[in-house]
Amino acid sequence: MKFTRKASANWKGSGKDGKGTISTESTILKDTQYSFKSRFEDGKGTNPEELVGAAHAGCFTMQLSFLLGEAGFTPTNLDTSAKVNFEDGSIPQISLSLSGTVPGIKLEEFKEIAQKAKEICPISKLLKTNIVLEVSLQG
């Protein structure tokens, strides 16, 4: 399978006082605002780090679902959060926290499959940072 996805950003003004918008081809984000305050403080809008976190959590969780299916399991629920750590102009670590409900699977097998998903998820492979994975199994 081969495809291309598009997104764009527009910025007006200086780094600290300016403001910008981010849009995606799907229009799920359309002129979504971002700024110094939304990135480095608590301002309204999005920021690149939370978008990377959302992309990584989504990619990893979908990859895990495919791998679980290949192993004969159907998850009832997979919930992943991504914590993107920004430090001195770089992202030294992303922490993925996974909680899943997968009938019939043992925790060790779930951890092994989740680890493989972390390693082969396209967004994981794209990122050059330490990726920490914490796994729990529900029910």
# chains A, B, ... in the order shown; residues from 1 in each chain; ligands from 1
>>> select_by_dssp(residues="stretch 2-98 of chain A", states="strand (DSSP E or B)", output="ChimeraX atom specification")
/A:7-12,19-24,32-35,46,77-87,90-98
>>> write_last_selection(atoms="N, CA and C atoms", output="short mmCIF file (atom, residue, chain, number, x, y, z; two decimals), in the first residue's frame")
data_model
loop_
_atom_site.label_atom_id
_atom_site.label_comp_id
_atom_site.auth_asym_id
_atom_site.auth_seq_id
_atom_site.Cartn_x
_atom_site.Cartn_y
_atom_site.Cartn_z
N ALA A 7 -0.64 18.11 4.97
CA ALA A 7 -1.00 19.05 6.02
C ALA A 7 -0.25 20.34 5.72
N SER A 8 -0.73 21.44 6.28
CA SER A 8 -0.07 22.71 6.04
C SER A 8 -0.11 23.57 7.29
N ALA A 9 0.80 24.52 7.33
CA ALA A 9 0.85 25.47 8.44
C ALA A 9 1.08 26.86 7.86
N ASN A 10 0.52 27.85 8.52
CA ASN A 10 0.73 29.24 8.17
C ASN A 10 1.08 29.98 9.45
N TRP A 11 2.06 30.87 9.37
CA TRP A 11 2.48 31.65 10.54
C TRP A 11 2.60 33.11 10.15
N LYS A 12 2.12 33.98 11.02
CA LYS A 12 2.22 35.42 10.80
C LYS A 12 2.84 36.07 12.04
N LYS A 19 1.21 34.34 15.42
CA LYS A 19 0.23 33.26 15.55
C LYS A 19 0.12 32.54 14.22
N GLY A 20 -0.39 31.32 14.29
CA GLY A 20 -0.48 30.53 13.08
C GLY A 20 -1.69 29.64 13.08
N THR A 21 -1.83 28.95 11.95
CA THR A 21 -2.89 27.96 11.81
C THR A 21 -2.32 26.70 11.18
N ILE A 22 -2.94 25.59 11.49
CA ILE A 22 -2.58 24.29 10.94
C ILE A 22 -3.83 23.69 10.31
N SER A 23 -3.67 23.11 9.13
CA SER A 23 -4.80 22.48 8.44
C SER A 23 -4.35 21.13 7.89
N THR A 24 -5.30 20.22 7.78
CA THR A 24 -5.03 18.91 7.19
C THR A 24 -5.90 18.72 5.96
N THR A 32 -6.76 25.51 12.34
CA THR A 32 -6.68 25.34 13.79
C THR A 32 -5.53 26.20 14.31
N GLN A 33 -5.83 27.04 15.27
CA GLN A 33 -4.82 28.00 15.72
C GLN A 33 -3.75 27.36 16.59
N TYR A 34 -2.55 27.92 16.45
CA TYR A 34 -1.45 27.61 17.36
C TYR A 34 -0.60 28.85 17.52
N SER A 35 0.12 28.90 18.63
CA SER A 35 0.89 30.10 18.96
C SER A 35 1.97 29.74 19.97
N THR A 46 -3.68 24.42 19.46
CA THR A 46 -2.90 23.18 19.46
C THR A 46 -1.42 23.50 19.45
N ASN A 77 -11.18 -3.34 23.73
CA ASN A 77 -10.83 -1.93 23.87
C ASN A 77 -9.32 -1.79 24.01
N LEU A 78 -8.76 -0.81 23.31
CA LEU A 78 -7.35 -0.44 23.44
C LEU A 78 -7.32 1.06 23.65
N ASP A 79 -6.68 1.49 24.72
CA ASP A 79 -6.63 2.92 25.04
C ASP A 79 -5.17 3.30 25.27
N THR A 80 -4.65 4.19 24.42
CA THR A 80 -3.25 4.60 24.50
C THR A 80 -3.16 6.10 24.67
N SER A 81 -2.34 6.53 25.62
CA SER A 81 -2.02 7.95 25.73
C SER A 81 -0.53 8.12 25.44
N ALA A 82 -0.18 9.25 24.87
CA ALA A 82 1.22 9.55 24.55
C ALA A 82 1.62 10.82 25.28
N LYS A 83 2.71 10.74 25.98
CA LYS A 83 3.27 11.90 26.69
C LYS A 83 4.55 12.29 25.96
N VAL A 84 4.53 13.45 25.31
CA VAL A 84 5.66 13.94 24.53
C VAL A 84 6.44 14.92 25.39
N ASN A 85 7.67 14.57 25.70
CA ASN A 85 8.51 15.43 26.54
C ASN A 85 9.37 16.34 25.68
N PHE A 86 9.19 17.64 25.85
CA PHE A 86 9.98 18.66 25.15
C PHE A 86 10.99 19.21 26.13
N GLU A 87 12.26 19.24 25.71
CA GLU A 87 13.32 19.71 26.60
C GLU A 87 14.44 20.36 25.80
N SER A 90 14.39 19.96 21.98
CA SER A 90 14.30 18.63 21.38
C SER A 90 13.26 17.80 22.13
N ILE A 91 12.96 16.65 21.58
CA ILE A 91 12.02 15.71 22.21
C ILE A 91 12.80 14.45 22.55
N PRO A 92 13.32 14.39 23.79
CA PRO A 92 14.17 13.26 24.16
C PRO A 92 13.40 11.96 24.44
N GLN A 93 12.08 12.07 24.68
CA GLN A 93 11.34 10.86 25.01
C GLN A 93 9.85 11.04 24.76
N ILE A 94 9.24 9.95 24.32
CA ILE A 94 7.79 9.86 24.25
C ILE A 94 7.39 8.63 25.06
N SER A 95 6.45 8.80 25.97
CA SER A 95 5.97 7.69 26.78
C SER A 95 4.57 7.30 26.32
N LEU A 96 4.41 6.05 25.93
CA LEU A 96 3.11 5.52 25.56
C LEU A 96 2.57 4.72 26.73
N SER A 97 1.35 5.00 27.12
CA SER A 97 0.71 4.25 28.20
C SER A 97 -0.51 3.54 27.61
N LEU A 98 -0.46 2.23 27.62
CA LEU A 98 -1.49 1.40 26.98
C LEU A 98 -2.28 0.63 28.02
#
>>> atom_distance(atom1="atom CA of A:Pro48", atom2="atom CA of A:Lys111")
28.9 Å
>>> atom_distance(atom1="atom CA of A:Ala117", atom2="atom CA of A:Phe60")
6.1 Å
>>> closest_residue(among="A:Leu126, A:Leu133, A:Thr76, A:Cys59", to="A:Ile105", atoms="only C-alpha atoms")
A:Thr76
>>> atom_distance(atom1="atom CA of A:Pro103", atom2="atom CA of A:Ser136")
13.5 Å
>>> decode(residues="stretch 108-124 of chain A", atoms="all heavy atoms", output="PDB file, in the first residue's frame")
ATOM      1  N   GLU A 108       1.759 -11.343  29.627  1.00  0.00           N
ATOM      2  CA  GLU A 108       3.075 -11.422  28.983  1.00  0.00           C
ATOM      3  C   GLU A 108       2.967 -11.416  27.463  1.00  0.00           C
ATOM      4  O   GLU A 108       3.739 -10.760  26.779  1.00  0.00           O
ATOM      5  CB  GLU A 108       3.856 -12.658  29.458  1.00  0.00           C
ATOM      6  CG  GLU A 108       4.492 -12.483  30.817  1.00  0.00           C
ATOM      7  CD  GLU A 108       5.332 -11.202  30.926  1.00  0.00           C
ATOM      8  OE1 GLU A 108       6.215 -10.966  30.063  1.00  0.00           O
ATOM      9  OE2 GLU A 108       5.098 -10.427  31.864  1.00  0.00           O
ATOM     10  N   GLU A 109       1.990 -12.135  26.918  1.00  0.00           N
ATOM     11  CA  GLU A 109       1.809 -12.148  25.467  1.00  0.00           C
ATOM     12  C   GLU A 109       1.344 -10.770  24.979  1.00  0.00           C
ATOM     13  O   GLU A 109       1.791 -10.286  23.935  1.00  0.00           O
ATOM     14  CB  GLU A 109       0.806 -13.224  25.049  1.00  0.00           C
ATOM     15  CG  GLU A 109       0.723 -13.394  23.549  1.00  0.00           C
ATOM     16  CD  GLU A 109      -0.108 -14.597  23.122  1.00  0.00           C
ATOM     17  OE1 GLU A 109      -0.807 -15.203  23.961  1.00  0.00           O
ATOM     18  OE2 GLU A 109      -0.056 -14.926  21.920  1.00  0.00           O
ATOM     19  N   PHE A 110       0.454 -10.131  25.752  1.00  0.00           N
ATOM     20  CA  PHE A 110      -0.009  -8.797  25.397  1.00  0.00           C
ATOM     21  C   PHE A 110       1.171  -7.817  25.371  1.00  0.00           C
ATOM     22  O   PHE A 110       1.307  -7.021  24.440  1.00  0.00           O
ATOM     23  CB  PHE A 110      -1.075  -8.345  26.405  1.00  0.00           C
ATOM     24  CG  PHE A 110      -1.729  -7.029  26.080  1.00  0.00           C
ATOM     25  CD1 PHE A 110      -2.337  -6.806  24.852  1.00  0.00           C
ATOM     26  CD2 PHE A 110      -1.770  -6.016  27.025  1.00  0.00           C
ATOM     27  CE1 PHE A 110      -2.960  -5.599  24.566  1.00  0.00           C
ATOM     28  CE2 PHE A 110      -2.389  -4.805  26.748  1.00  0.00           C
ATOM     29  CZ  PHE A 110      -2.985  -4.600  25.516  1.00  0.00           C
ATOM     30  N   LYS A 111       2.039  -7.913  26.363  1.00  0.00           N
ATOM     31  CA  LYS A 111       3.223  -7.041  26.411  1.00  0.00           C
ATOM     32  C   LYS A 111       4.131  -7.285  25.212  1.00  0.00           C
ATOM     33  O   LYS A 111       4.648  -6.341  24.618  1.00  0.00           O
ATOM     34  CB  LYS A 111       4.005  -7.257  27.708  1.00  0.00           C
ATOM     35  CG  LYS A 111       3.374  -6.626  28.921  1.00  0.00           C
ATOM     36  CD  LYS A 111       4.242  -6.845  30.157  1.00  0.00           C
ATOM     37  CE  LYS A 111       3.680  -6.181  31.374  1.00  0.00           C
ATOM     38  NZ  LYS A 111       4.526  -6.376  32.564  1.00  0.00           N
ATOM     39  N   GLU A 112       4.349  -8.541  24.853  1.00  0.00           N
ATOM     40  CA  GLU A 112       5.214  -8.874  23.708  1.00  0.00           C
ATOM     41  C   GLU A 112       4.651  -8.309  22.400  1.00  0.00           C
ATOM     42  O   GLU A 112       5.388  -7.743  21.595  1.00  0.00           O
ATOM     43  CB  GLU A 112       5.374 -10.393  23.582  1.00  0.00           C
ATOM     44  CG  GLU A 112       6.271 -11.011  24.623  1.00  0.00           C
ATOM     45  CD  GLU A 112       6.302 -12.535  24.530  1.00  0.00           C
ATOM     46  OE1 GLU A 112       5.986 -13.093  23.448  1.00  0.00           O
ATOM     47  OE2 GLU A 112       6.648 -13.165  25.549  1.00  0.00           O
ATOM     48  N   ILE A 113       3.355  -8.474  22.207  1.00  0.00           N
ATOM     49  CA  ILE A 113       2.735  -7.970  20.977  1.00  0.00           C
ATOM     50  C   ILE A 113       2.752  -6.445  20.971  1.00  0.00           C
ATOM     51  O   ILE A 113       3.015  -5.829  19.936  1.00  0.00           O
ATOM     52  CB  ILE A 113       1.306  -8.543  20.819  1.00  0.00           C
ATOM     53  CG1 ILE A 113       1.378 -10.065  20.629  1.00  0.00           C
ATOM     54  CG2 ILE A 113       0.584  -7.893  19.643  1.00  0.00           C
ATOM     55  CD1 ILE A 113       0.037 -10.776  20.684  1.00  0.00           C
ATOM     56  N   ALA A 114       2.512  -5.829  22.122  1.00  0.00           N
ATOM     57  CA  ALA A 114       2.554  -4.364  22.213  1.00  0.00           C
ATOM     58  C   ALA A 114       3.959  -3.843  21.919  1.00  0.00           C
ATOM     59  O   ALA A 114       4.130  -2.832  21.234  1.00  0.00           O
ATOM     60  CB  ALA A 114       2.085  -3.902  23.592  1.00  0.00           C
ATOM     61  N   GLN A 115       4.965  -4.531  22.410  1.00  0.00           N
ATOM     62  CA  GLN A 115       6.354  -4.132  22.150  1.00  0.00           C
ATOM     63  C   GLN A 115       6.654  -4.196  20.656  1.00  0.00           C
ATOM     64  O   GLN A 115       7.288  -3.291  20.094  1.00  0.00           O
ATOM     65  CB  GLN A 115       7.323  -5.029  22.935  1.00  0.00           C
ATOM     66  CG  GLN A 115       8.775  -4.657  22.794  1.00  0.00           C
ATOM     67  CD  GLN A 115       9.108  -3.302  23.380  1.00  0.00           C
ATOM     68  OE1 GLN A 115       8.540  -2.874  24.378  1.00  0.00           O
ATOM     69  NE2 GLN A 115      10.024  -2.591  22.756  1.00  0.00           N
ATOM     70  N   LYS A 116       6.188  -5.248  19.997  1.00  0.00           N
ATOM     71  CA  LYS A 116       6.396  -5.365  18.560  1.00  0.00           C
ATOM     72  C   LYS A 116       5.681  -4.230  17.831  1.00  0.00           C
ATOM     73  O   LYS A 116       6.226  -3.633  16.893  1.00  0.00           O
ATOM     74  CB  LYS A 116       5.909  -6.719  18.046  1.00  0.00           C
ATOM     75  CG  LYS A 116       6.151  -6.904  16.561  1.00  0.00           C
ATOM     76  CD  LYS A 116       5.739  -8.271  16.057  1.00  0.00           C
ATOM     77  CE  LYS A 116       5.987  -8.385  14.560  1.00  0.00           C
ATOM     78  NZ  LYS A 116       5.487  -9.651  14.020  1.00  0.00           N
ATOM     79  N   ALA A 117       4.452  -3.907  18.263  1.00  0.00           N
ATOM     80  CA  ALA A 117       3.709  -2.806  17.651  1.00  0.00           C
ATOM     81  C   ALA A 117       4.470  -1.497  17.800  1.00  0.00           C
ATOM     82  O   ALA A 117       4.541  -0.697  16.867  1.00  0.00           O
ATOM     83  CB  ALA A 117       2.313  -2.692  18.269  1.00  0.00           C
ATOM     84  N   LYS A 118       5.054  -1.276  18.967  1.00  0.00           N
ATOM     85  CA  LYS A 118       5.841  -0.060  19.193  1.00  0.00           C
ATOM     86  C   LYS A 118       7.013   0.015  18.229  1.00  0.00           C
ATOM     87  O   LYS A 118       7.308   1.066  17.682  1.00  0.00           O
ATOM     88  CB  LYS A 118       6.347  -0.017  20.640  1.00  0.00           C
ATOM     89  CG  LYS A 118       7.133   1.242  20.976  1.00  0.00           C
ATOM     90  CD  LYS A 118       7.867   1.119  22.293  1.00  0.00           C
ATOM     91  CE  LYS A 118       9.220   0.519  22.027  1.00  0.00           C
ATOM     92  NZ  LYS A 118      10.198   0.687  23.065  1.00  0.00           N
ATOM     93  N   GLU A 119       7.645  -1.107  17.991  1.00  0.00           N
ATOM     94  CA  GLU A 119       8.834  -1.141  17.137  1.00  0.00           C
ATOM     95  C   GLU A 119       8.502  -0.965  15.651  1.00  0.00           C
ATOM     96  O   GLU A 119       9.275  -0.353  14.925  1.00  0.00           O
ATOM     97  CB  GLU A 119       9.587  -2.453  17.352  1.00  0.00           C
ATOM     98  CG  GLU A 119      10.227  -2.537  18.722  1.00  0.00           C
ATOM     99  CD  GLU A 119      10.728  -3.927  19.074  1.00  0.00           C
ATOM    100  OE1 GLU A 119      10.690  -4.823  18.194  1.00  0.00           O
ATOM    101  OE2 GLU A 119      11.140  -4.126  20.230  1.00  0.00           O
ATOM    102  N   ILE A 120       7.361  -1.495  15.199  1.00  0.00           N
ATOM    103  CA  ILE A 120       7.086  -1.458  13.758  1.00  0.00           C
ATOM    104  C   ILE A 120       6.081  -0.396  13.342  1.00  0.00           C
ATOM    105  O   ILE A 120       5.877  -0.183  12.146  1.00  0.00           O
ATOM    106  CB  ILE A 120       6.665  -2.842  13.221  1.00  0.00           C
ATOM    107  CG1 ILE A 120       5.298  -3.261  13.758  1.00  0.00           C
ATOM    108  CG2 ILE A 120       7.727  -3.879  13.503  1.00  0.00           C
ATOM    109  CD1 ILE A 120       4.739  -4.508  13.087  1.00  0.00           C
ATOM    110  N   CYS A 121       5.463   0.272  14.287  1.00  0.00           N
ATOM    111  CA  CYS A 121       4.544   1.366  13.956  1.00  0.00           C
ATOM    112  C   CYS A 121       5.299   2.406  13.127  1.00  0.00           C
ATOM    113  O   CYS A 121       6.400   2.820  13.492  1.00  0.00           O
ATOM    114  CB  CYS A 121       4.020   1.967  15.265  1.00  0.00           C
ATOM    115  SG  CYS A 121       3.490   3.674  15.194  1.00  0.00           S
ATOM    116  N   PRO A 122       4.772   2.811  11.983  1.00  0.00           N
ATOM    117  CA  PRO A 122       5.481   3.770  11.128  1.00  0.00           C
ATOM    118  C   PRO A 122       5.865   5.077  11.827  1.00  0.00           C
ATOM    119  O   PRO A 122       6.933   5.626  11.559  1.00  0.00           O
ATOM    120  CB  PRO A 122       4.493   4.030   9.985  1.00  0.00           C
ATOM    121  CG  PRO A 122       3.701   2.769   9.897  1.00  0.00           C
ATOM    122  CD  PRO A 122       3.547   2.312  11.320  1.00  0.00           C
ATOM    123  N   ILE A 123       5.032   5.558  12.739  1.00  0.00           N
ATOM    124  CA  ILE A 123       5.376   6.795  13.444  1.00  0.00           C
ATOM    125  C   ILE A 123       6.522   6.539  14.416  1.00  0.00           C
ATOM    126  O   ILE A 123       7.433   7.363  14.535  1.00  0.00           O
ATOM    127  CB  ILE A 123       4.147   7.394  14.161  1.00  0.00           C
ATOM    128  CG1 ILE A 123       3.032   7.720  13.165  1.00  0.00           C
ATOM    129  CG2 ILE A 123       4.535   8.628  14.968  1.00  0.00           C
ATOM    130  CD1 ILE A 123       3.355   8.784  12.126  1.00  0.00           C
ATOM    131  N   SER A 124       6.539   5.389  15.090  1.00  0.00           N
ATOM    132  CA  SER A 124       7.682   5.048  15.957  1.00  0.00           C
ATOM    133  C   SER A 124       8.974   5.026  15.160  1.00  0.00           C
ATOM    134  O   SER A 124      10.000   5.536  15.607  1.00  0.00           O
ATOM    135  CB  SER A 124       7.495   3.670  16.607  1.00  0.00           C
ATOM    136  OG  SER A 124       6.486   3.662  17.570  1.00  0.00           O
TER     137      SER A 124
END
